[in-house]
$ cat structure.cif   # mmCIF, C-alpha atoms
data_coords
#
loop_
_atom_site.group_PDB
_atom_site.id
_atom_site.type_symbol
_atom_site.label_atom_id
_atom_site.label_comp_id
_atom_site.auth_asym_id
_atom_site.auth_seq_id
_atom_site.Cartn_x
_atom_site.Cartn_y
_atom_site.Cartn_z
ATOM 1 C CA MET A 837 -14.255 -2.320 -3.990
ATOM 2 C CA ARG A 838 -16.471 0.156 -2.167
ATOM 3 C CA GLN A 839 -15.546 3.004 -4.495
ATOM 4 C CA ARG A 840 -16.042 0.835 -7.582
ATOM 5 C CA LEU A 841 -19.484 -0.448 -6.523
ATOM 6 C CA LEU A 842 -20.675 3.060 -5.700
ATOM 7 C CA ALA A 843 -19.436 4.342 -9.066
ATOM 8 C CA GLU A 844 -21.010 1.488 -11.037
ATOM 9 C CA THR A 845 -24.387 1.731 -9.343
ATOM 10 C CA LEU A 846 -24.449 5.515 -9.775
ATOM 11 C CA THR A 847 -23.536 5.126 -13.456
ATOM 12 C CA ALA A 848 -26.341 2.602 -13.951
ATOM 13 C CA ALA A 849 -28.810 4.935 -12.237
ATOM 14 C CA ARG A 850 -27.782 7.946 -14.333
ATOM 15 C CA GLU A 851 -27.778 6.147 -17.684
ATOM 16 C CA LEU A 852 -31.586 6.209 -17.747
ATOM 17 C CA PRO A 853 -32.573 8.634 -14.997
ATOM 18 C CA SER A 854 -36.243 8.660 -16.000
ATOM 19 C CA ALA A 855 -36.659 4.882 -15.788
ATOM 20 C CA ARG A 856 -36.541 2.594 -12.776
ATOM 21 C CA ARG A 857 -33.911 -0.106 -13.107
ATOM 22 C CA GLU A 858 -33.313 -3.281 -11.144
ATOM 23 C CA LEU A 859 -29.780 -4.481 -10.425
ATOM 24 C CA VAL A 860 -28.850 -7.852 -9.006
ATOM 25 C CA MET A 861 -25.686 -7.978 -6.912
ATOM 26 C CA VAL A 862 -24.327 -11.523 -6.808
ATOM 27 C CA PRO A 863 -21.602 -12.006 -4.154
ATOM 28 C CA PRO A 864 -19.139 -14.915 -4.318
ATOM 29 C CA ARG A 865 -20.242 -18.257 -2.869
ATOM 30 C CA ARG A 866 -17.627 -18.111 -0.125
ATOM 31 C CA MET A 867 -17.900 -14.455 0.713
ATOM 32 C CA PRO A 868 -15.441 -13.151 3.331
ATOM 33 C CA LEU A 869 -16.796 -11.046 6.128
ATOM 34 C CA ALA A 870 -14.970 -7.972 4.840
ATOM 35 C CA VAL A 871 -16.691 -8.271 1.445
ATOM 36 C CA ALA A 872 -20.117 -8.602 3.104
ATOM 37 C CA ARG A 873 -19.448 -5.429 5.078
ATOM 38 C CA VAL A 874 -18.500 -3.611 1.881
ATOM 39 C CA LEU A 875 -21.740 -4.658 0.157
ATOM 40 C CA LEU A 876 -23.830 -3.544 3.120
ATOM 41 C CA THR A 877 -21.959 -0.232 3.261
ATOM 42 C CA VAL A 878 -22.514 0.400 -0.464
ATOM 43 C CA VAL A 879 -26.241 -0.307 -0.200
ATOM 44 C CA ALA A 880 -26.561 1.966 2.843
ATOM 45 C CA GLU A 881 -24.612 4.820 1.243
ATOM 46 C CA GLY A 882 -26.506 4.428 -2.049
ATOM 47 C CA ARG A 883 -29.806 4.627 -0.209
ATOM 48 C CA LYS A 884 -28.655 7.699 1.689
ATOM 49 C CA ALA A 885 -27.552 9.400 -1.530
ATOM 50 C CA GLY A 886 -30.837 8.582 -3.211
ATOM 51 C CA TRP A 887 -29.912 6.364 -6.125
ATOM 52 C CA LEU A 888 -30.330 2.918 -4.509
ATOM 53 C CA GLU A 889 -33.390 1.296 -2.994
ATOM 54 C CA PRO A 890 -33.402 -2.360 -1.856
ATOM 55 C CA ALA A 891 -36.004 -4.586 -3.532
ATOM 56 C CA GLY A 892 -36.965 -8.249 -3.480
ATOM 57 C CA PHE A 893 -35.668 -10.719 -6.012
ATOM 58 C CA ALA A 894 -39.097 -10.881 -7.663
ATOM 59 C CA ALA A 895 -38.755 -7.231 -8.646
ATOM 60 C CA ALA A 896 -35.884 -8.104 -10.928
ATOM 61 C CA LEU A 897 -38.133 -10.453 -12.907
ATOM 62 C CA ARG A 898 -40.753 -7.817 -13.623
ATOM 63 C CA LYS A 899 -40.768 -5.676 -16.712
ATOM 64 C CA PRO A 900 -39.183 -2.263 -16.161
ATOM 65 C CA THR A 901 -41.586 0.535 -15.358
ATOM 66 C CA ALA A 902 -41.165 4.178 -16.040
ATOM 67 C CA GLY A 903 -39.701 6.045 -13.102
ATOM 68 C CA ARG A 904 -39.490 9.649 -12.107
ATOM 69 C CA LEU A 905 -36.605 11.952 -12.896
ATOM 70 C CA ARG A 906 -34.425 12.442 -9.856
ATOM 71 C CA GLY A 907 -32.999 15.827 -9.082
ATOM 72 C CA PHE A 908 -29.273 16.516 -8.764
ATOM 73 C CA ASP A 909 -27.983 19.254 -6.512
ATOM 74 C CA GLY A 910 -24.547 19.358 -8.054
ATOM 75 C CA TYR A 911 -21.135 18.503 -6.699
ATOM 76 C CA PRO A 912 -20.928 19.348 -2.977
ATOM 77 C CA LEU A 913 -18.570 22.167 -2.087
ATOM 78 C CA ALA A 914 -17.193 20.116 0.788
ATOM 79 C CA ARG A 915 -15.961 17.571 -1.732
ATOM 80 C CA HIS A 916 -14.169 20.292 -3.697
ATOM 81 C CA ALA A 917 -12.288 21.316 -0.573
ATOM 82 C CA SER A 918 -11.135 17.757 0.089
ATOM 83 C CA GLU A 919 -9.840 17.049 -3.432
ATOM 84 C CA LEU A 920 -6.147 16.399 -3.964
ATOM 85 C CA PRO A 921 -4.271 19.638 -4.753
ATOM 86 C CA PRO A 922 -2.915 20.156 -8.297
ATOM 87 C CA ALA A 923 0.653 20.410 -6.996
ATOM 88 C CA ARG A 924 0.510 16.846 -5.666
ATOM 89 C CA LEU A 925 -0.900 15.539 -8.936
ATOM 90 C CA ALA A 926 1.887 17.314 -10.821
ATOM 91 C CA ALA A 927 4.434 15.703 -8.485
ATOM 92 C CA VAL A 928 2.996 12.269 -9.289
ATOM 93 C CA VAL A 929 3.347 12.983 -13.013
ATOM 94 C CA ARG A 930 6.994 13.960 -12.507
ATOM 95 C CA ASP A 931 7.609 10.798 -10.502
ATOM 96 C CA ARG A 932 6.132 8.676 -13.292
ATOM 97 C CA LEU A 933 8.577 10.239 -15.749
ATOM 98 C CA ARG A 934 11.457 9.601 -13.360
ATOM 99 C CA MET A 935 10.361 5.985 -12.965
ATOM 100 C CA ARG A 936 10.495 5.562 -16.735
ATOM 101 C CA ALA A 937 14.026 6.976 -16.737
ATOM 102 C CA LEU A 938 15.095 4.657 -13.920
ATOM 103 C CA ALA A 939 13.695 1.630 -15.745
ATOM 104 C CA LYS A 940 16.058 2.279 -18.665
ATOM 105 C CA VAL A 941 19.155 1.448 -16.608
ATOM 106 C CA LEU A 942 17.872 -1.605 -14.713
ATOM 107 C CA SER A 943 18.593 -5.125 -15.891
ATOM 108 C CA ASP A 944 15.076 -6.256 -14.864
ATOM 109 C CA ALA A 945 12.827 -3.268 -14.339
ATOM 110 C CA ARG A 946 9.469 -5.070 -14.259
ATOM 111 C CA ALA A 947 9.229 -5.678 -10.510
ATOM 112 C CA THR A 948 10.526 -2.239 -9.563
ATOM 113 C CA ALA A 949 8.297 -0.464 -12.075
ATOM 114 C CA ALA A 950 5.213 -2.396 -10.943
ATOM 115 C CA SER A 951 5.741 -1.554 -7.265
ATOM 116 C CA VAL A 952 6.393 2.128 -7.979
ATOM 117 C CA ARG A 953 3.330 2.405 -10.239
ATOM 118 C CA ALA A 954 1.200 0.858 -7.497
ATOM 119 C CA ALA A 955 2.609 3.322 -4.966
ATOM 120 C CA LEU A 956 1.956 6.271 -7.291
ATOM 121 C CA GLY A 957 -1.610 5.117 -7.844
ATOM 122 C CA ARG A 958 -2.083 4.705 -4.103
ATOM 123 C CA SER A 959 -0.801 8.236 -3.506
ATOM 124 C CA VAL A 960 -3.731 9.743 -5.466
ATOM 125 C CA ALA A 961 -6.445 7.467 -4.054
ATOM 126 C CA THR A 962 -9.627 9.119 -2.810
ATOM 127 C CA ALA A 963 -9.046 7.446 0.556
ATOM 128 C CA TRP A 964 -6.668 10.326 1.358
ATOM 129 C CA ARG A 965 -9.518 12.874 1.321
ATOM 130 C CA ALA A 966 -9.847 12.656 5.089
ATOM 131 C CA ASP A 967 -6.086 12.664 5.683
ATOM 132 C CA PRO A 968 -4.330 15.307 3.536
ATOM 133 C CA ALA A 969 -1.245 15.325 5.754
ATOM 134 C CA GLY A 970 -0.868 11.563 5.411
ATOM 135 C CA ALA A 971 -1.302 11.824 1.635
ATOM 136 C CA ALA A 972 1.445 14.437 1.369
ATOM 137 C CA SER A 973 3.779 12.371 3.542
ATOM 138 C CA TYR A 974 3.160 9.214 1.523
ATOM 139 C CA GLN A 975 3.774 10.988 -1.787
ATOM 140 C CA ARG A 976 7.005 12.520 -0.480
ATOM 141 C CA GLY A 977 8.169 9.059 0.571
ATOM 142 C CA VAL A 978 7.678 7.703 -2.957
ATOM 143 C CA SER A 979 9.469 10.731 -4.412
ATOM 144 C CA ARG A 980 12.397 10.313 -2.004
ATOM 145 C CA TYR A 981 12.745 6.662 -3.002
ATOM 146 C CA LEU A 982 13.007 7.590 -6.693
ATOM 147 C CA THR A 983 15.439 10.417 -5.933
ATOM 148 C CA ALA A 984 17.694 8.123 -3.918
ATOM 149 C CA SER A 985 17.547 5.393 -6.573
ATOM 150 C CA ILE A 986 18.512 7.760 -9.392
ATOM 151 C CA ALA A 987 21.272 9.387 -7.321
ATOM 152 C CA SER A 988 22.752 5.987 -6.411
ATOM 153 C CA VAL A 989 24.072 5.598 -9.973
ATOM 154 C CA ARG A 990 26.801 8.214 -10.164
ATOM 155 C CA LEU A 991 30.353 9.002 -11.159
ATOM 156 C CA VAL A 992 32.850 8.925 -8.316
ATOM 157 C CA PRO A 993 34.517 12.382 -8.158
ATOM 158 C CA LYS A 994 38.222 12.804 -8.827
ATOM 159 C CA SER A 995 40.436 15.880 -8.971
ATOM 160 C CA THR A 996 43.588 15.311 -11.048
ATOM 161 C CA VAL A 997 45.103 12.466 -13.044
ATOM 162 C CA VAL A 998 48.576 12.392 -14.570
ATOM 163 C CA VAL A 999 48.970 11.365 -18.193
ATOM 164 C CA THR A 1000 52.499 10.347 -19.152
ATOM 165 C CA GLY A 1001 53.263 9.604 -22.758
ATOM 166 C CA GLY A 1002 51.320 10.078 -25.955
ATOM 167 C CA SER A 1003 48.856 7.229 -25.331
ATOM 168 C CA ALA A 1004 47.377 6.379 -21.950
ATOM 169 C CA THR A 1005 44.210 5.231 -20.164
ATOM 170 C CA ILE A 1006 42.270 7.241 -17.606
ATOM 171 C CA PRO A 1007 40.195 5.313 -15.038
ATOM 172 C CA VAL A 1008 36.680 6.596 -14.318
ATOM 173 C CA THR A 1009 34.706 4.874 -11.553
ATOM 174 C CA VAL A 1010 30.925 4.398 -11.762
ATOM 175 C CA ASP A 1011 29.168 3.647 -8.469
ATOM 176 C CA ASN A 1012 26.055 1.458 -8.670
ATOM 177 C CA GLY A 1013 24.160 1.706 -5.393
ATOM 178 C CA LEU A 1014 21.051 -0.036 -6.741
ATOM 179 C CA GLN A 1015 20.009 -3.474 -5.538
ATOM 180 C CA GLN A 1016 19.928 -4.566 -9.170
ATOM 181 C CA ASP A 1017 22.442 -4.933 -11.996
ATOM 182 C CA LEU A 1018 23.165 -1.758 -13.945
ATOM 183 C CA THR A 1019 22.771 -1.823 -17.732
ATOM 184 C CA GLY A 1020 21.752 0.600 -20.467
ATOM 185 C CA VAL A 1021 24.328 3.259 -19.517
ATOM 186 C CA GLU A 1022 27.380 4.527 -21.387
ATOM 187 C CA LEU A 1023 30.217 6.851 -20.404
ATOM 188 C CA ARG A 1024 31.416 9.755 -22.542
ATOM 189 C CA VAL A 1025 34.454 11.930 -21.881
ATOM 190 C CA LEU A 1026 35.002 15.324 -23.559
ATOM 191 C CA SER A 1027 38.196 17.380 -23.588
ATOM 192 C CA SER A 1028 38.319 21.159 -23.197
ATOM 193 C CA ARG A 1029 41.602 21.279 -25.183
ATOM 194 C CA PRO A 1030 41.374 18.727 -28.003
ATOM 195 C CA GLU A 1031 44.583 20.098 -29.515
ATOM 196 C CA ARG A 1032 46.371 18.830 -26.406
ATOM 197 C CA LEU A 1033 44.425 15.704 -25.475
ATOM 198 C CA ILE A 1034 41.492 13.802 -26.914
ATOM 199 C CA ALA A 1035 39.517 10.743 -25.801
ATOM 200 C CA ARG A 1036 39.760 7.967 -28.352
ATOM 201 C CA ASP A 1037 36.731 6.152 -26.875
ATOM 202 C CA ARG A 1038 33.705 8.314 -27.627
ATOM 203 C CA ALA A 1039 31.252 6.136 -25.680
ATOM 204 C CA MET A 1040 32.069 3.241 -23.362
ATOM 205 C CA PRO A 1041 29.238 0.922 -22.211
ATOM 206 C CA VAL A 1042 28.940 0.519 -18.457
ATOM 207 C CA GLN A 1043 27.712 -2.637 -16.755
ATOM 208 C CA ALA A 1044 27.934 -3.191 -13.021
ATOM 209 C CA SER A 1045 26.537 -5.721 -10.606
ATOM 210 C CA ARG A 1046 24.228 -4.566 -7.853
ATOM 211 C CA ALA A 1047 25.758 -2.536 -5.009
ATOM 212 C CA VAL A 1048 29.261 -2.465 -6.536
ATOM 213 C CA SER A 1049 31.514 0.062 -8.271
ATOM 214 C CA ARG A 1050 32.845 -0.422 -11.781
ATOM 215 C CA THR A 1051 35.995 1.221 -13.171
ATOM 216 C CA VAL A 1052 35.912 2.142 -16.867
ATOM 217 C CA ARG A 1053 39.222 2.878 -18.578
ATOM 218 C CA ILE A 1054 39.081 5.581 -21.243
ATOM 219 C CA ARG A 1055 41.857 5.616 -23.846
ATOM 220 C CA VAL A 1056 43.288 9.076 -24.524
ATOM 221 C CA GLU A 1057 45.823 10.511 -26.957
ATOM 222 C CA ALA A 1058 48.063 13.385 -25.816
ATOM 223 C CA TYR A 1059 49.784 15.833 -28.197
ATOM 224 C CA ALA A 1060 51.158 18.530 -25.879
ATOM 225 C CA ASN A 1061 52.128 18.937 -22.244
ATOM 226 C CA GLY A 1062 49.984 20.881 -19.805
ATOM 227 C CA PRO A 1063 46.705 20.661 -17.876
ATOM 228 C CA VAL A 1064 43.493 19.748 -19.696
ATOM 229 C CA ARG A 1065 39.996 19.861 -18.231
ATOM 230 C CA LEU A 1066 37.978 16.694 -18.934
ATOM 231 C CA THR A 1067 34.237 16.250 -18.438
ATOM 232 C CA ALA A 1068 32.793 12.774 -17.868
ATOM 233 C CA GLN A 1069 29.061 12.210 -18.215
ATOM 234 C CA LEU A 1070 26.787 9.161 -18.108
ATOM 235 C CA TYR A 1071 24.123 8.733 -20.804
ATOM 236 C CA THR A 1072 21.292 6.265 -21.284
ATOM 237 C CA THR A 1073 21.887 4.109 -24.340
ATOM 238 C CA THR A 1074 18.206 3.897 -25.345
ATOM 239 C CA ASP A 1075 17.660 7.611 -25.978
ATOM 240 C CA GLY A 1076 21.044 9.275 -25.379
ATOM 241 C CA ARG A 1077 19.835 11.423 -22.485
ATOM 242 C CA PRO A 1078 22.307 12.523 -19.794
ATOM 243 C CA TRP A 1079 22.135 10.688 -16.491
ATOM 244 C CA GLY A 1080 23.007 12.482 -13.299
ATOM 245 C CA ALA A 1081 25.460 15.328 -12.936
ATOM 246 C CA PRO A 1082 28.670 15.535 -15.002
ATOM 247 C CA MET A 1083 32.024 15.055 -13.323
ATOM 248 C CA THR A 1084 34.889 17.396 -14.238
ATOM 249 C CA PHE A 1085 38.540 16.728 -13.477
ATOM 250 C CA THR A 1086 42.002 17.755 -14.687
ATOM 251 C CA ALA A 1087 44.364 15.636 -16.757
ATOM 252 C CA ASP A 1088 47.967 16.788 -16.286
ATOM 253 C CA VAL A 1089 49.819 15.789 -19.457
ATOM 254 C CA ARG A 1090 53.545 15.245 -18.924
ATOM 255 C CA SER A 1091 56.453 13.926 -20.929
ATOM 256 C CA VAL A 1092 54.771 13.819 -24.314
ATOM 257 C CA PRO A 1093 57.245 12.180 -26.748
ATOM 258 C CA SER A 1094 59.036 14.431 -29.198
ATOM 259 C CA GLY A 1095 57.340 12.648 -32.057
ATOM 260 C CA ALA A 1096 53.953 13.879 -30.910
ATOM 261 C CA VAL A 1097 55.289 17.412 -30.520
ATOM 262 C CA ILE A 1098 56.845 17.280 -33.991
ATOM 263 C CA PHE A 1099 53.548 16.000 -35.340
ATOM 264 C CA VAL A 1100 51.681 18.971 -33.862
ATOM 265 C CA LEU A 1101 54.324 21.476 -35.020
ATOM 266 C CA GLY A 1102 54.404 19.906 -38.466
ATOM 267 C CA GLY A 1103 50.651 20.204 -38.779
ATOM 268 C CA THR A 1104 50.801 23.845 -37.722
ATOM 269 C CA ALA A 1105 53.586 24.512 -40.255
ATOM 270 C CA LEU A 1106 51.569 22.950 -43.049
ATOM 271 C CA ILE A 1107 48.614 25.181 -42.225
ATOM 272 C CA VAL A 1108 50.860 28.287 -42.278
ATOM 273 C CA LEU A 1109 52.407 27.258 -45.618
ATOM 274 C CA ALA A 1110 48.973 26.650 -47.122
ATOM 275 C CA VAL A 1111 47.796 30.109 -46.063
ATOM 276 C CA ALA A 1112 50.955 31.764 -47.423
ATOM 277 C CA PHE A 1113 50.631 29.915 -50.735
ATOM 278 C CA ARG A 1114 47.012 30.987 -51.079
ATOM 279 C CA LEU A 1115 47.894 34.636 -50.347
ATOM 280 C CA ARG A 1116 50.714 34.529 -52.927
ATOM 281 C CA ARG A 1117 48.387 33.197 -55.609
ATOM 282 C CA THR A 1118 45.841 35.874 -54.796
ATOM 283 C CA ARG A 1119 48.425 38.667 -55.149
ATOM 284 C CA SER A 1120 49.745 37.265 -58.445
ATOM 285 C CA ARG A 1121 46.237 37.376 -59.907
#
$ encode --input "structure.cif" --output "structure tokens"
Amino acid sequence: MRQRLLAETLTAARELPSARRELVMVPPRRMPLAVARVLLTVVAEGRKAGWLEPAGFAAALRKPTAGRLRGFDGYPLARHASELPPARLAAVVRDRLRMRALAKVLSDARATAASVRAALGRSVATAWRADPAGAASYQRGVSRYLTASIASVRLVPKSTVVVTGGSATIPVTVDNGLQQDLTGVELRVLSSRPERLIARDRAMPVQASRAVSRTVRIRVEAYANGPVRLTAQLYTTTDGRPWGAPMTFTADVRSVPSGAVIFVLGGTALIVLAVAFRLRRTRSR
């Protein structure tokens, strides 16, 4: 309130600097003591700065008279030194972007987003001018909260899974450490050797209650025995952006039925025959 009253009275004084203007400040009927102290402080600081001068109520009823042009010495250098550093402002901008990303995976992001926005606005308030160390500590606390919230939605690491047979399911566990239900996230699994094993489910939606883990079963199709590196990654469903770090593990394919092997060999043989037929036609021409 103090900052706003000072800004509004200074703006009114500078709109017509050559004319004297009368302003009437009307406090609420039941004014708390703290509000009265703010009004007195604003009047005292405005008088000290030179743009406010108390007057009687009758002065407000008179016609405005031409005033004198007040001088302005410029922005004090001491104020420049106490301004918030650009690095902290850039950190607040990054935190706002991270808050927007976090809101995409929350079932009800309104309360969380409102509290974080208020904290980010508080971190750049001019009240921190006299306490730069406190401002830096407060901003780091907000940043740590966002970092911990984003990191609490993650894939639980695993090393090796065994796939027996041509068709199987691979469990992938998603840990939701948020105190809110998880929505707006999908799981994708990619194979490093698609000729051996592929994931039939390209994207599986993930929903988990607050502070619980959810296991998502990915259907895979195996064509040949041997190890295959799989990469699991979470994505936001609204814009398809990756969420968190990917999780890589090995799928050890064993005991693939002969039918699948014959299918792979038959496909390879057809490709070889097609190439040989094409070469024969080219030579005959």
$ resolve_selection --input "structure.cif" --expression "the PyMOL selection byres ((chain A and resi 993-998) around 10)" --output "MDAnalysis selection string"
chainID A and resid 990:992 999:1001 1004 1006:1010 1063:1066 1068 1082:1090
$ closest_residue --input "structure.cif" --among "A:Thr1005, A:Gln1069, A:Ser951, A:Thr962" --to "Ala1039 of chain A" --atoms "only C-alpha atoms"
A:Gln1069
$ closest_residue --input "structure.cif" --among "A:Ala1081, A:Leu888, A:Gln1015, A:Arg883" --to "Arg856 of chain A" --atoms "all atoms listed in the file"
A:Leu888
$ resolve_selection --input "structure.cif" --expression "the PyMOL selection byres ((chain A and resi 875) around 9)" --output "list in words"
Met837, Arg838, Leu841, Met861, Pro863, Ala870, Val871, Ala872, Arg873, Val874, Leu876, Thr877, Val878, Val879 and Ala880 of chain A
$ write_last_selection --input "structure.cif" --atoms "C-alpha atoms" --output "compact mmCIF listing (two decimals), in the frame of the given file"
# COMPACT_ATOMS: atom_id res chain seq x y z
CA MET A 837 -14.26 -2.32 -3.99
CA ARG A 838 -16.47 0.16 -2.17
CA LEU A 841 -19.48 -0.45 -6.52
CA MET A 861 -25.69 -7.98 -6.91
CA PRO A 863 -21.60 -12.01 -4.15
CA ALA A 870 -14.97 -7.97 4.84
CA VAL A 871 -16.69 -8.27 1.44
CA ALA A 872 -20.12 -8.60 3.10
CA ARG A 873 -19.45 -5.43 5.08
CA VAL A 874 -18.50 -3.61 1.88
CA LEU A 876 -23.83 -3.54 3.12
CA THR A 877 -21.96 -0.23 3.26
CA VAL A 878 -22.51 0.40 -0.46
CA VAL A 879 -26.24 -0.31 -0.20
CA ALA A 880 -26.56 1.97 2.84
$ axis_aligned_box --input "structure.cif" --around "segment 852-860 of chain A" --padding-each-side "4 Å" --output "lines of an AutoDock Vina configuration file"
center_x = -32.8
center_y = 0.4
center_z = -13.4
size_x = 15.8
size_y = 24.5
size_z = 16.7
$ resolve_selection --input "structure.cif" --expression "the PyMOL selection byres ((chain A and resi 1074) around 12)" --output "mmCIF file with C-alpha atoms, in the frame of the given file"
data_model
loop_
_atom_site.group_PDB
_atom_site.id
_atom_site.type_symbol
_atom_site.label_atom_id
_atom_site.label_comp_id
_atom_site.auth_asym_id
_atom_site.auth_seq_id
_atom_site.Cartn_x
_atom_site.Cartn_y
_atom_site.Cartn_z
ATOM 1 C CA ARG A 936 10.495 5.562 -16.735
ATOM 2 C CA ALA A 937 14.026 6.976 -16.737
ATOM 3 C CA LEU A 938 15.095 4.657 -13.920
ATOM 4 C CA ALA A 939 13.695 1.630 -15.745
ATOM 5 C CA LYS A 940 16.058 2.279 -18.665
ATOM 6 C CA VAL A 941 19.155 1.448 -16.608
ATOM 7 C CA LEU A 942 17.872 -1.605 -14.713
ATOM 8 C CA THR A 1019 22.771 -1.823 -17.732
ATOM 9 C CA GLY A 1020 21.752 0.600 -20.467
ATOM 10 C CA VAL A 1021 24.328 3.259 -19.517
ATOM 11 C CA GLU A 1022 27.380 4.527 -21.387
ATOM 12 C CA PRO A 1041 29.238 0.922 -22.211
ATOM 13 C CA TYR A 1071 24.123 8.733 -20.804
ATOM 14 C CA THR A 1072 21.292 6.265 -21.284
ATOM 15 C CA THR A 1073 21.887 4.109 -24.340
ATOM 16 C CA ASP A 1075 17.660 7.611 -25.978
ATOM 17 C CA GLY A 1076 21.044 9.275 -25.379
ATOM 18 C CA ARG A 1077 19.835 11.423 -22.485
ATOM 19 C CA PRO A 1078 22.307 12.523 -19.794
ATOM 20 C CA TRP A 1079 22.135 10.688 -16.491
#
$ residues_around --input "structure.cif" --residues "Val1048 of chain A" --least-positions-apart "2" --cutoff "9 Å" --atoms "all atoms listed in the file" --output "mmCIF file with C-alpha atoms, in the coordinates of the input"
data_model
loop_
_atom_site.group_PDB
_atom_site.id
_atom_site.type_symbol
_atom_site.label_atom_id
_atom_site.label_comp_id
_atom_site.auth_asym_id
_atom_site.auth_seq_id
_atom_site.Cartn_x
_atom_site.Cartn_y
_atom_site.Cartn_z
ATOM 1 C CA VAL A 1010 30.925 4.398 -11.762
ATOM 2 C CA ASP A 1011 29.168 3.647 -8.469
ATOM 3 C CA ASN A 1012 26.055 1.458 -8.670
ATOM 4 C CA GLY A 1013 24.160 1.706 -5.393
ATOM 5 C CA LEU A 1014 21.051 -0.036 -6.741
ATOM 6 C CA ALA A 1044 27.934 -3.191 -13.021
ATOM 7 C CA SER A 1045 26.537 -5.721 -10.606
ATOM 8 C CA ARG A 1046 24.228 -4.566 -7.853
ATOM 9 C CA ARG A 1050 32.845 -0.422 -11.781
#
$ atom_distance --input "structure.cif" --atom1 "atom CA of Arg857 of chain A" --atom2 "atom CA of Leu897 of chain A"
11.2 Å
$ residues_near_point --input "structure.cif" --point "(37.8, 15.3, -25.0)" --cutoff "9 Å" --atoms "all atoms listed in the file" --output "short mmCIF file (atom, residue, chain, number, x, y, z; two decimals) with C-alpha atoms, in the coordinates of the input"
data_model
loop_
_atom_site.label_atom_id
_atom_site.label_comp_id
_atom_site.auth_asym_id
_atom_site.auth_seq_id
_atom_site.Cartn_x
_atom_site.Cartn_y
_atom_site.Cartn_z
CA ARG A 1024 31.42 9.76 -22.54
CA VAL A 1025 34.45 11.93 -21.88
CA LEU A 1026 35.00 15.32 -23.56
CA SER A 1027 38.20 17.38 -23.59
CA SER A 1028 38.32 21.16 -23.20
CA ARG A 1029 41.60 21.28 -25.18
CA PRO A 1030 41.37 18.73 -28.00
CA LEU A 1033 44.42 15.70 -25.48
CA ILE A 1034 41.49 13.80 -26.91
CA ALA A 1035 39.52 10.74 -25.80
CA ARG A 1036 39.76 7.97 -28.35
CA ARG A 1038 33.70 8.31 -27.63
CA VAL A 1056 43.29 9.08 -24.52
CA VAL A 1064 43.49 19.75 -19.70
CA ARG A 1065 40.00 19.86 -18.23
CA LEU A 1066 37.98 16.69 -18.93
CA THR A 1067 34.24 16.25 -18.44
#
$ residues_around --input "structure.cif" --residues "Ala971 of chain A" --least-positions-apart "4" --cutoff "9 Å" --atoms "all atoms listed in the file" --output "ChimeraX atom specification"
/A:920,959-961,963-965,967,975-976
$ closest_residue --input "structure.cif" --among "A:Val862, A:Trp887, A:Ser943, A:Val1042" --to "Ala843 of chain A" --atoms "only C-alpha atoms"
A:Trp887
$ atom_distance --input "structure.cif" --atom1 "atom CA of Ala1047 of chain A" --atom2 "atom CA of Leu1070 of chain A"
17.6 Å
$ atom_distance --input "structure.cif" --atom1 "atom CA of Ala923 of chain A" --atom2 "atom CA of Ala955 of chain A"
17.3 Å
